[in-house]
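**Q** Got a file for you: run14.pdb, PDB, C-alpha atoms.
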ATOM      1  CA  MET A 294       0.000   0.000   0.000  1.00  0.00           C
ATOM      2  CA  THR A 295       1.391   3.335  -1.044  1.00  0.00           C
ATOM      3  CA  THR A 296       2.273   5.683   1.798  1.00  0.00           C
ATOM      4  CA  THR A 297       2.467   9.451   2.135  1.00  0.00           C
ATOM      5  CA  HIS A 298       6.185   8.998   2.793  1.00  0.00           C
ATOM      6  CA  GLN A 299       6.619   7.334  -0.616  1.00  0.00           C
ATOM      7  CA  ILE A 300       4.744  10.188  -2.312  1.00  0.00           C
ATOM      8  CA  SER A 301       6.896  12.729  -0.509  1.00  0.00           C
ATOM      9  CA  THR A 302      10.001  10.785  -1.548  1.00  0.00           C
ATOM     10  CA  GLY A 303       8.798  10.668  -5.157  1.00  0.00           C
ATOM     11  CA  ILE A 304       8.202  14.414  -5.125  1.00  0.00           C
ATOM     12  CA  ASP A 305      11.672  15.017  -3.650  1.00  0.00           C
ATOM     13  CA  GLN A 306      13.241  12.846  -6.355  1.00  0.00           C
ATOM     14  CA  VAL A 307      11.498  14.753  -9.157  1.00  0.00           C
ATOM     15  CA  THR A 308      12.418  18.060  -7.485  1.00  0.00           C
ATOM     16  CA  ALA A 309      16.077  16.996  -7.405  1.00  0.00           C
ATOM     17  CA  LEU A 310      15.970  16.083 -11.105  1.00  0.00           C
ATOM     18  CA  LEU A 311      14.215  19.337 -12.019  1.00  0.00           C
ATOM     19  CA  SER A 312      16.869  21.260 -10.096  1.00  0.00           C
ATOM     20  CA  THR A 313      19.607  19.876 -12.329  1.00  0.00           C
ATOM     21  CA  VAL A 314      18.060  20.904 -15.649  1.00  0.00           C
ATOM     22  CA  THR A 315      20.209  23.457 -17.427  1.00  0.00           C
ATOM     23  CA  GLU A 316      18.887  26.058 -19.840  1.00  0.00           C
ATOM     24  CA  ALA A 317      20.492  24.149 -22.722  1.00  0.00           C
ATOM     25  CA  GLU A 318      18.827  20.876 -21.638  1.00  0.00           C
ATOM     26  CA  ARG A 319      15.346  22.451 -21.685  1.00  0.00           C
ATOM     27  CA  ALA A 320      15.257  22.036 -25.489  1.00  0.00           C
ATOM     28  CA  SER A 321      16.391  18.381 -25.343  1.00  0.00           C
ATOM     29  CA  ALA A 322      14.176  15.529 -26.495  1.00  0.00           C
ATOM     30  CA  THR A 323      12.518  13.184 -24.011  1.00  0.00           C
ATOM     31  CA  PRO A 324      11.252   9.590 -24.260  1.00  0.00           C
ATOM     32  CA  CYS A 325       7.824  11.226 -24.755  1.00  0.00           C
ATOM     33  CA  THR A 326       8.498  11.898 -28.421  1.00  0.00           C
ATOM     34  CA  GLU A 327       6.246  14.929 -28.653  1.00  0.00           C
ATOM     35  CA  TRP A 328       7.800  16.705 -25.641  1.00  0.00           C
ATOM     36  CA  THR A 329      11.023  18.510 -24.925  1.00  0.00           C
ATOM     37  CA  VAL A 330      12.446  18.636 -21.397  1.00  0.00           C
ATOM     38  CA  ALA A 331      10.785  22.072 -20.983  1.00  0.00           C
ATOM     39  CA  GLU A 332       7.411  20.660 -22.030  1.00  0.00           C
ATOM     40  CA  LEU A 333       7.853  17.660 -19.735  1.00  0.00           C
ATOM     41  CA  THR A 334       8.623  19.936 -16.780  1.00  0.00           C
ATOM     42  CA  ASP A 335       5.544  22.022 -17.584  1.00  0.00           C
ATOM     43  CA  HIS A 336       3.521  18.794 -17.757  1.00  0.00           C
ATOM     44  CA  LEU A 337       4.837  17.789 -14.337  1.00  0.00           C
ATOM     45  CA  VAL A 338       3.689  21.098 -12.832  1.00  0.00           C
ATOM     46  CA  ASN A 339       0.314  20.734 -14.571  1.00  0.00           C
ATOM     47  CA  THR A 340       0.003  17.148 -13.331  1.00  0.00           C
ATOM     48  CA  ALA A 341       0.644  18.235  -9.740  1.00  0.00           C
ATOM     49  CA  ALA A 342      -2.010  20.950 -10.115  1.00  0.00           C
ATOM     50  CA  ASN A 343      -4.459  18.414 -11.601  1.00  0.00           C
ATOM     51  CA  LEU A 344      -3.824  16.004  -8.740  1.00  0.00           C
ATOM     52  CA  VAL A 345      -4.580  18.792  -6.246  1.00  0.00           C
ATOM     53  CA  THR A 346      -7.826  19.560  -8.076  1.00  0.00           C
ATOM     54  CA  MET A 347      -8.678  15.860  -8.142  1.00  0.00           C
ATOM     55  CA  ALA A 348      -7.874  15.520  -4.416  1.00  0.00           C
ATOM     56  CA  ARG A 349     -10.319  18.350  -3.757  1.00  0.00           C
ATOM     57  CA  GLY A 350     -13.041  16.586  -5.749  1.00  0.00           C
ATOM     58  CA  GLY A 351     -12.793  18.827  -8.799  1.00  0.00           C
ATOM     59  CA  GLU A 352     -13.058  17.878 -12.450  1.00  0.00           C
ATOM     60  CA  ILE A 353      -9.901  17.992 -14.541  1.00  0.00           C
ATOM     61  CA  ASP A 354      -9.037  17.880 -18.208  1.00  0.00           C
ATOM     62  CA  TRP A 355      -5.861  15.826 -18.565  1.00  0.00           C
ATOM     63  CA  SER A 356      -5.593  16.876 -22.201  1.00  0.00           C
ATOM     64  CA  ALA A 357      -5.354  20.604 -21.405  1.00  0.00           C
ATOM     65  CA  SER A 358      -2.001  22.118 -22.327  1.00  0.00           C
ATOM     66  CA  PRO A 359      -0.025  23.533 -19.423  1.00  0.00           C
ATOM     67  CA  GLU A 360       1.128  27.122 -19.352  1.00  0.00           C
ATOM     68  CA  PRO A 361       4.802  27.254 -20.355  1.00  0.00           C
ATOM     69  CA  SER A 362       7.174  28.343 -17.611  1.00  0.00           C
ATOM     70  CA  SER A 363      10.799  29.373 -17.843  1.00  0.00           C
ATOM     71  CA  ASP A 364      11.228  28.498 -14.144  1.00  0.00           C
ATOM     72  CA  PRO A 365       8.899  25.609 -13.225  1.00  0.00           C
ATOM     73  CA  ILE A 366      10.525  24.709  -9.892  1.00  0.00           C
ATOM     74  CA  PRO A 367       8.704  27.302  -7.719  1.00  0.00           C
ATOM     75  CA  LEU A 368       5.345  26.280  -9.229  1.00  0.00           C
ATOM     76  CA  TRP A 369       6.217  22.593  -8.824  1.00  0.00           C
ATOM     77  CA  LYS A 370       7.110  23.089  -5.169  1.00  0.00           C
ATOM     78  CA  GLU A 371       3.937  25.087  -4.500  1.00  0.00           C
ATOM     79  CA  ARG A 372       1.664  22.535  -6.204  1.00  0.00           C
ATOM     80  CA  THR A 373       3.326  19.550  -4.552  1.00  0.00           C
ATOM     81  CA  ARG A 374       3.064  21.206  -1.110  1.00  0.00           C
ATOM     82  CA  GLU A 375      -0.665  21.621  -1.788  1.00  0.00           C
ATOM     83  CA  LEU A 376      -0.862  17.995  -2.919  1.00  0.00           C
ATOM     84  CA  LEU A 377       0.824  16.706   0.223  1.00  0.00           C
ATOM     85  CA  ALA A 378      -1.470  18.876   2.360  1.00  0.00           C
ATOM     86  CA  GLU A 379      -4.534  17.340   0.648  1.00  0.00           C
ATOM     87  CA  ILE A 380      -3.143  13.828   1.157  1.00  0.00           C
ATOM     88  CA  ASP A 381      -2.380  14.581   4.820  1.00  0.00           C
ATOM     89  CA  ALA A 382      -5.947  15.878   5.221  1.00  0.00           C
ATOM     90  CA  GLY A 383      -7.272  12.476   4.166  1.00  0.00           C
ATOM     91  CA  SER A 384      -8.065  13.009   0.498  1.00  0.00           C
ATOM     92  CA  PRO A 385      -9.362   9.843  -1.168  1.00  0.00           C
ATOM     93  CA  LEU A 386      -6.924  10.400  -4.052  1.00  0.00           C
ATOM     94  CA  PRO A 387      -5.402   7.020  -5.018  1.00  0.00           C
ATOM     95  CA  LEU A 388      -1.794   7.288  -3.865  1.00  0.00           C
ATOM     96  CA  GLY A 389      -0.744   4.514  -6.229  1.00  0.00           C
ATOM     97  CA  MET A 390      -1.826   6.730  -9.124  1.00  0.00           C
ATOM     98  CA  VAL A 391       0.292   9.577  -7.734  1.00  0.00           C
ATOM     99  CA  ALA A 392       3.256   7.212  -7.347  1.00  0.00           C
ATOM    100  CA  ALA A 393       2.790   6.057 -10.951  1.00  0.00           C
ATOM    101  CA  GLU A 394       2.728   9.627 -12.290  1.00  0.00           C
ATOM    102  CA  LEU A 395       5.798  10.612 -10.291  1.00  0.00           C
ATOM    103  CA  SER A 396       7.723   7.479 -11.229  1.00  0.00           C
ATOM    104  CA  VAL A 397       7.012   7.382 -14.955  1.00  0.00           C
ATOM    105  CA  HIS A 398       7.898  11.049 -15.337  1.00  0.00           C
ATOM    106  CA  ALA A 399      10.962  10.731 -13.088  1.00  0.00           C
ATOM    107  CA  TRP A 400      12.169   8.052 -15.510  1.00  0.00           C
ATOM    108  CA  ASP A 401      11.265  10.252 -18.502  1.00  0.00           C
ATOM    109  CA  LEU A 402      13.179  13.211 -17.084  1.00  0.00           C
ATOM    110  CA  ALA A 403      16.185  11.213 -15.876  1.00  0.00           C
ATOM    111  CA  THR A 404      16.444   9.487 -19.253  1.00  0.00           C
ATOM    112  CA  ALA A 405      16.186  12.775 -21.150  1.00  0.00           C
ATOM    113  CA  LEU A 406      18.967  14.189 -18.990  1.00  0.00           C
ATOM    114  CA  GLY A 407      21.179  11.113 -19.475  1.00  0.00           C
ATOM    115  CA  ARG A 408      20.864  10.031 -15.856  1.00  0.00           C
ATOM    116  CA  GLY A 409      19.867   6.657 -14.511  1.00  0.00           C
ATOM    117  CA  THR A 410      17.196   5.751 -11.991  1.00  0.00           C
ATOM    118  CA  ASP A 411      19.092   3.109 -10.007  1.00  0.00           C
ATOM    119  CA  ASP A 412      19.724   5.578  -7.187  1.00  0.00           C
ATOM    120  CA  LEU A 413      16.042   6.539  -6.832  1.00  0.00           C
ATOM    121  CA  ASP A 414      13.855   4.940  -4.147  1.00  0.00           C
ATOM    122  CA  GLN A 415      12.587   1.872  -5.994  1.00  0.00           C
ATOM    123  CA  THR A 416       9.546   1.439  -3.724  1.00  0.00           C
ATOM    124  CA  VAL A 417       7.934   4.542  -5.264  1.00  0.00           C
ATOM    125  CA  ALA A 418       8.022   2.974  -8.735  1.00  0.00           C
ATOM    126  CA  GLU A 419       7.012  -0.423  -7.349  1.00  0.00           C
ATOM    127  CA  GLU A 420       3.857   1.147  -5.880  1.00  0.00           C
ATOM    128  CA  GLY A 421       3.223   2.937  -9.174  1.00  0.00           C
ATOM    129  CA  MET A 422       3.472  -0.417 -10.951  1.00  0.00           C
ATOM    130  CA  VAL A 423       0.991  -2.020  -8.550  1.00  0.00           C
ATOM    131  CA  PHE A 424      -1.514   0.716  -9.398  1.00  0.00           C
ATOM    132  CA  MET A 425      -0.873   0.761 -13.152  1.00  0.00           C
ATOM    133  CA  SER A 426      -0.896  -3.012 -13.599  1.00  0.00           C
ATOM    134  CA  ALA A 427      -4.244  -3.172 -11.774  1.00  0.00           C
ATOM    135  CA  ASN A 428      -5.806  -0.258 -13.662  1.00  0.00           C
ATOM    136  CA  MET A 429      -4.130   0.122 -17.059  1.00  0.00           C
ATOM    137  CA  THR A 430      -5.906  -1.986 -19.630  1.00  0.00           C
ATOM    138  CA  ASP A 431      -5.254  -1.727 -23.360  1.00  0.00           C
ATOM    139  CA  GLU A 432      -8.524   0.204 -23.698  1.00  0.00           C
ATOM    140  CA  ARG A 433      -7.489   2.726 -21.035  1.00  0.00           C
ATOM    141  CA  ARG A 434      -4.086   3.523 -22.514  1.00  0.00           C
ATOM    142  CA  GLY A 435      -5.642   6.092 -24.844  1.00  0.00           C
ATOM    143  CA  GLY A 436      -3.227   8.570 -26.397  1.00  0.00           C
ATOM    144  CA  ALA A 437      -1.173   8.949 -23.228  1.00  0.00           C
ATOM    145  CA  PHE A 438       0.394   5.485 -23.145  1.00  0.00           C
ATOM    146  CA  ASP A 439       1.692   3.292 -25.953  1.00  0.00           C
ATOM    147  CA  PRO A 440       1.405  -0.497 -25.754  1.00  0.00           C
ATOM    148  CA  GLU A 441       3.553  -2.167 -23.120  1.00  0.00           C
ATOM    149  CA  GLN A 442       7.167  -2.672 -24.189  1.00  0.00           C
ATOM    150  CA  PRO A 443       9.612  -5.319 -22.978  1.00  0.00           C
ATOM    151  CA  ALA A 444      11.805  -4.354 -20.049  1.00  0.00           C
ATOM    152  CA  PRO A 445      15.447  -5.357 -20.354  1.00  0.00           C
ATOM    153  CA  ASP A 446      16.905  -8.078 -18.152  1.00  0.00           C
ATOM    154  CA  GLY A 447      17.886  -6.642 -14.785  1.00  0.00           C
ATOM    155  CA  ALA A 448      15.650  -3.576 -15.211  1.00  0.00           C
ATOM    156  CA  ASN A 449      14.972  -1.609 -12.035  1.00  0.00           C
ATOM    157  CA  ALA A 450      11.446  -0.703 -10.898  1.00  0.00           C
ATOM    158  CA  TYR A 451      11.468   2.625 -12.792  1.00  0.00           C
ATOM    159  CA  GLU A 452      12.559   0.954 -16.001  1.00  0.00           C
ATOM    160  CA  ARG A 453       9.930  -1.804 -15.650  1.00  0.00           C
ATOM    161  CA  LEU A 454       7.222   0.797 -15.008  1.00  0.00           C
ATOM    162  CA  ALA A 455       8.349   2.918 -17.968  1.00  0.00           C
ATOM    163  CA  ALA A 456       8.248  -0.154 -20.231  1.00  0.00           C
ATOM    164  CA  PHE A 457       4.765  -1.004 -18.922  1.00  0.00           C
ATOM    165  CA  ALA A 458       3.740   2.593 -19.751  1.00  0.00           C
ATOM    166  CA  GLY A 459       4.893   2.051 -23.340  1.00  0.00           C
ATOM    167  CA  ARG A 460       8.343   3.618 -23.190  1.00  0.00           C
ATOM    168  CA  THR A 461      11.301   2.015 -24.943  1.00  0.00           C
ATOM    169  CA  VAL A 462      13.754   1.189 -22.161  1.00  0.00           C
ATOM    170  CA  ARG A 463      17.337   0.342 -22.973  1.00  0.00           C
ATOM    171  CA  GLY A 464      18.455  -0.585 -19.436  1.00  0.00           C
ATOM    172  CA  SER A 465      20.873   1.037 -17.044  1.00  0.00           C
TER     173      SER A 465
END
Would you write out, as structure tokens, the structure that this file holds?
**A**
Amino acid sequence: MTTTHQISTGIDQVTALLSTVTEAERASATPCTEWTVAELTDHLVNTAANLVTMARGGEIDWSASPEPSSDPIPLWKERTRELLAEIDAGSPLPLGMVAAELSVHAWDLATALGRGTDDLDQTVAEEGMVFMSANMTDERRGGAFDPEQPAPDGANAYERLAAFAGRTVRGS
């Protein structure tokens, strides 16, 4: 069962990755072929905001384009503080879904930046995989997730989750 501590850890891991992005890297490609690193970071901020709205019982449009930001870290930190406050207040938001979002996009960002995910807390991705494998059917993949791809031998939890989410994973 996913814990608030794992969500906080996942947020911290993404924050650490975001903090390393250089201006030059913002234009780099990501495993999400239609996004640059800048667009992925904007998506992360938008996802955190959507999760807050969802935690508060609001309706969200996952397809809405996020507002571009030249400095997403302050917005990310603000939205994730709000998210943790909602979780601490007992929101019925599925924490496994939050873990999945954090983990898949941590892998996306780390991969785009040429960094591995071996040093990340593997339990966050493991909890994301529990949620996704229970809820992600072929019909529910929609435009957001490609068909499951094979994970390489010895893949860590982030790599296995990314492959399940349709990313091509080359291994660490």
**Q** Residues near A:Asn339, anyone? I mean within 12 Å using all atoms listed in the file, not counting same-chain ones fewer than 4 positions away, as a list in words.
**A**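 Counting all atoms listed in the file, the residues come to Glu332, Leu333, Thr334, Asp335, Asn343, Leu344, Val345, Thr346, Ile353, Asp354, Trp355, Ser356, Ala357, Ser358, Pro359, Glu360, Pro361, Ser362, Pro365, Ile366, Leu368, Trp369, Lys370, Glu371, Arg372, Thr373 and Glu394 of chain A.
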**Q** Which residues would end up in the selection if the PyMOL selection byres ((chain A and resi 307-316) around 8) were applied here, given that I need the answer as a list in words?
**A** Gly303, Ile304, Asp305, Gln306, Ala317, Glu318, Arg319, Ala320, Thr334, Ile366, Trp369, Lys370, Leu395, Ala399, Leu402, Ala403 and Leu406 of chain A
**Q** With C-alpha atoms kept, could you save the residues just selected as a PDB file, keeping the file's coordinate frame?
**A**
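Output file result_21.pdb follows:
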ATOM      1  CA  GLY A 303       8.798  10.668  -5.157  1.00  0.00           C
ATOM      2  CA  ILE A 304       8.202  14.414  -5.125  1.00  0.00           C
ATOM      3  CA  ASP A 305      11.672  15.017  -3.650  1.00  0.00           C
ATOM      4  CA  GLN A 306      13.241  12.846  -6.355  1.00  0.00           C
ATOM      5  CA  ALA A 317      20.492  24.149 -22.722  1.00  0.00           C
ATOM      6  CA  GLU A 318      18.827  20.876 -21.638  1.00  0.00           C
ATOM      7  CA  ARG A 319      15.346  22.451 -21.685  1.00  0.00           C
ATOM      8  CA  ALA A 320      15.257  22.036 -25.489  1.00  0.00           C
ATOM      9  CA  THR A 334       8.623  19.936 -16.780  1.00  0.00           C
ATOM     10  CA  ILE A 366      10.525  24.709  -9.892  1.00  0.00           C
ATOM     11  CA  TRP A 369       6.217  22.593  -8.824  1.00  0.00           C
ATOM     12  CA  LYS A 370       7.110  23.089  -5.169  1.00  0.00           C
ATOM     13  CA  LEU A 395       5.798  10.612 -10.291  1.00  0.00           C
ATOM     14  CA  ALA A 399      10.962  10.731 -13.088  1.00  0.00           C
ATOM     15  CA  LEU A 402      13.179  13.211 -17.084  1.00  0.00           C
ATOM     16  CA  ALA A 403      16.185  11.213 -15.876  1.00  0.00           C
ATOM     17  CA  LEU A 406      18.967  14.189 -18.990  1.00  0.00           C
TER      18      LEU A 406
END
**Q** Distance atom CA of A:Ala331-atom CA of A:Pro445, one decimal place?
**A**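 Atom CA of A:Pro445 lies at a distance of 27.8 Å from atom CA of A:Ala331.
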**Q** What are the closest atom pairs, with distances in Å to one decimal, for each residue of stretch 370-437 of chain A lying within 12 Å of stretch 449-461 of chain A, using all atoms listed in the file, rows by chain and rising residue number, as JSON lines?
**A**
{"residue": "A:Ala392", "atom": "CA", "partner": "A:Leu454", "partner_atom": "CA", "distance": 10.8}
{"residue": "A:Ala393", "atom": "CA", "partner": "A:Leu454", "partner_atom": "CA", "distance": 8.0}
{"residue": "A:Glu394", "atom": "CA", "partner": "A:Leu454", "partner_atom": "CA", "distance": 10.3}
{"residue": "A:Leu395", "atom": "CA", "partner": "A:Tyr451", "partner_atom": "CA", "distance": 10.1}
{"residue": "A:Ser396", "atom": "CA", "partner": "A:Tyr451", "partner_atom": "CA", "distance": 6.3}
{"residue": "A:Val397", "atom": "CA", "partner": "A:Ala455", "partner_atom": "CA", "distance": 5.5}
{"residue": "A:His398", "atom": "CA", "partner": "A:Ala455", "partner_atom": "CA", "distance": 8.6}
{"residue": "A:Ala399", "atom": "CA", "partner": "A:Tyr451", "partner_atom": "CA", "distance": 8.1}
{"residue": "A:Trp400", "atom": "CA", "partner": "A:Tyr451", "partner_atom": "CA", "distance": 6.1}
{"residue": "A:Asp401", "atom": "CA", "partner": "A:Ala455", "partner_atom": "CA", "distance": 7.9}
{"residue": "A:Leu402", "atom": "CA", "partner": "A:Ala455", "partner_atom": "CA", "distance": 11.4}
{"residue": "A:Ala403", "atom": "CA", "partner": "A:Tyr451", "partner_atom": "CA", "distance": 10.3}
{"residue": "A:Thr404", "atom": "CA", "partner": "A:Glu452", "partner_atom": "CA", "distance": 9.9}
{"residue": "A:Gly409", "atom": "CA", "partner": "A:Glu452", "partner_atom": "CA", "distance": 9.4}
{"residue": "A:Thr410", "atom": "CA", "partner": "A:Tyr451", "partner_atom": "CA", "distance": 6.6}
{"residue": "A:Asp411", "atom": "CA", "partner": "A:Asn449", "partner_atom": "CA", "distance": 6.6}
{"residue": "A:Asp412", "atom": "CA", "partner": "A:Asn449", "partner_atom": "CA", "distance": 9.9}
{"residue": "A:Leu413", "atom": "CA", "partner": "A:Tyr451", "partner_atom": "CA", "distance": 8.5}
{"residue": "A:Asp414", "atom": "CA", "partner": "A:Ala450", "partner_atom": "CA", "distance": 9.1}
{"residue": "A:Gln415", "atom": "CA", "partner": "A:Ala450", "partner_atom": "CA", "distance": 5.7}
{"residue": "A:Thr416", "atom": "CA", "partner": "A:Ala450", "partner_atom": "CA", "distance": 7.7}
{"residue": "A:Val417", "atom": "CA", "partner": "A:Ala450", "partner_atom": "CA", "distance": 8.5}
{"residue": "A:Ala418", "atom": "CA", "partner": "A:Tyr451", "partner_atom": "CA", "distance": 5.3}
{"residue": "A:Glu419", "atom": "CA", "partner": "A:Ala450", "partner_atom": "CA", "distance": 5.7}
{"residue": "A:Glu420", "atom": "CA", "partner": "A:Ala450", "partner_atom": "CA", "distance": 9.3}
{"residue": "A:Gly421", "atom": "CA", "partner": "A:Leu454", "partner_atom": "CA", "distance": 7.4}
{"residue": "A:Met422", "atom": "CA", "partner": "A:Leu454", "partner_atom": "CA", "distance": 5.7}
{"residue": "A:Val423", "atom": "CA", "partner": "A:Leu454", "partner_atom": "CA", "distance": 9.4}
{"residue": "A:Phe424", "atom": "CA", "partner": "A:Leu454", "partner_atom": "CA", "distance": 10.4}
{"residue": "A:Met425", "atom": "CA", "partner": "A:Ala458", "partner_atom": "CA", "distance": 8.3}
{"residue": "A:Ser426", "atom": "CA", "partner": "A:Phe457", "partner_atom": "CA", "distance": 8.0}
{"residue": "A:Ala427", "atom": "CA", "partner": "A:Phe457", "partner_atom": "CA", "distance": 11.7}
{"residue": "A:Asn428", "atom": "CA", "partner": "A:Ala458", "partner_atom": "CA", "distance": 11.7}
{"residue": "A:Met429", "atom": "CA", "partner": "A:Ala458", "partner_atom": "CA", "distance": 8.7}
{"residue": "A:Thr430", "atom": "CA", "partner": "A:Ala458", "partner_atom": "CA", "distance": 10.7}
{"residue": "A:Asp431", "atom": "CA", "partner": "A:Ala458", "partner_atom": "CA", "distance": 10.6}
{"residue": "A:Arg433", "atom": "CA", "partner": "A:Ala458", "partner_atom": "CA", "distance": 11.3}
{"residue": "A:Arg434", "atom": "CA", "partner": "A:Ala458", "partner_atom": "CA", "distance": 8.4}
{"residue": "A:Gly435", "atom": "CA", "partner": "A:Ala458", "partner_atom": "CA", "distance": 11.2}
{"residue": "A:Gly436", "atom": "CA", "partner": "A:Gly459", "partner_atom": "CA", "distance": 10.9}
{"residue": "A:Ala437", "atom": "CA", "partner": "A:Ala458", "partner_atom": "CA", "distance": 8.8}
**Q** For A:Gly350, which of A:Thr329, A:Ser384, A:Ser321, A:Gln442 is the closest residue, counting all atoms listed in the file?
**A**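 Under the stated criterion, the closest residue is A:Ser384.
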**Q** So, counting all atoms listed in the file, which residue among A:Ala341, A:Ala322, A:Val391, A:Val330 is closest to A:Gln299?
**A** A:Val391
**Q** Between atom CA of A:Thr326 and atom CA of A:Ser363, what is the distance, to one decimal in Å?
**A**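 Interatomic distance here is 20.6 Å.
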**Q** Would you compute the distance between atom CA of A:Arg349 and atom CA of A:Trp328? Give it in Å to one decimal.
**A**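 Distance between the two atoms: 28.5 Å.
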**Q** Which neighbours of A:Leu388 fall inside 8 Å, counting all atoms listed in the file, when residues of the same chain fewer than 5 positions from it are skipped, and could you give them as a PyMOL selection string?
**A** chain A and resi 295-297+300
**Q** Rank nothing, just name the residue among A:Val462, A:Ala405, A:Met294, A:Ala448 nearest to A:Met390, using only C-alpha atoms.
**A**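 Smallest separation from A:Met390 among the options: A:Met294.
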**Q** For stretch 440-456 of chain A, take all atoms listed in the file, fit an axis-aligned box around them, add 6 Å to each of the six sides, then output centre and edge lengths in Å rounded to one decimal, as lines of an AutoDock Vina configuration file.
**A**
center_x = 9.6
center_y = -2.6
center_z = -18.3
size_x = 28.5
size_y = 23.0
size_z = 26.9
**Q** Pick out the closest residue to A:Met347 from this set: A:Glu379, A:Asp364, A:Glu441, A:Glu327. Count all atoms listed in the file.
**A**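 Among A:Glu379, A:Asp364, A:Glu441, A:Glu327, it is A:Glu379 that comes nearest to A:Met347.
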**Q** So, with only C-alpha atoms as the atoms that count, which of A:Asp381, A:Thr340, A:Gly389, A:Pro324 lies closest to A:Arg463?
**A** A:Pro324
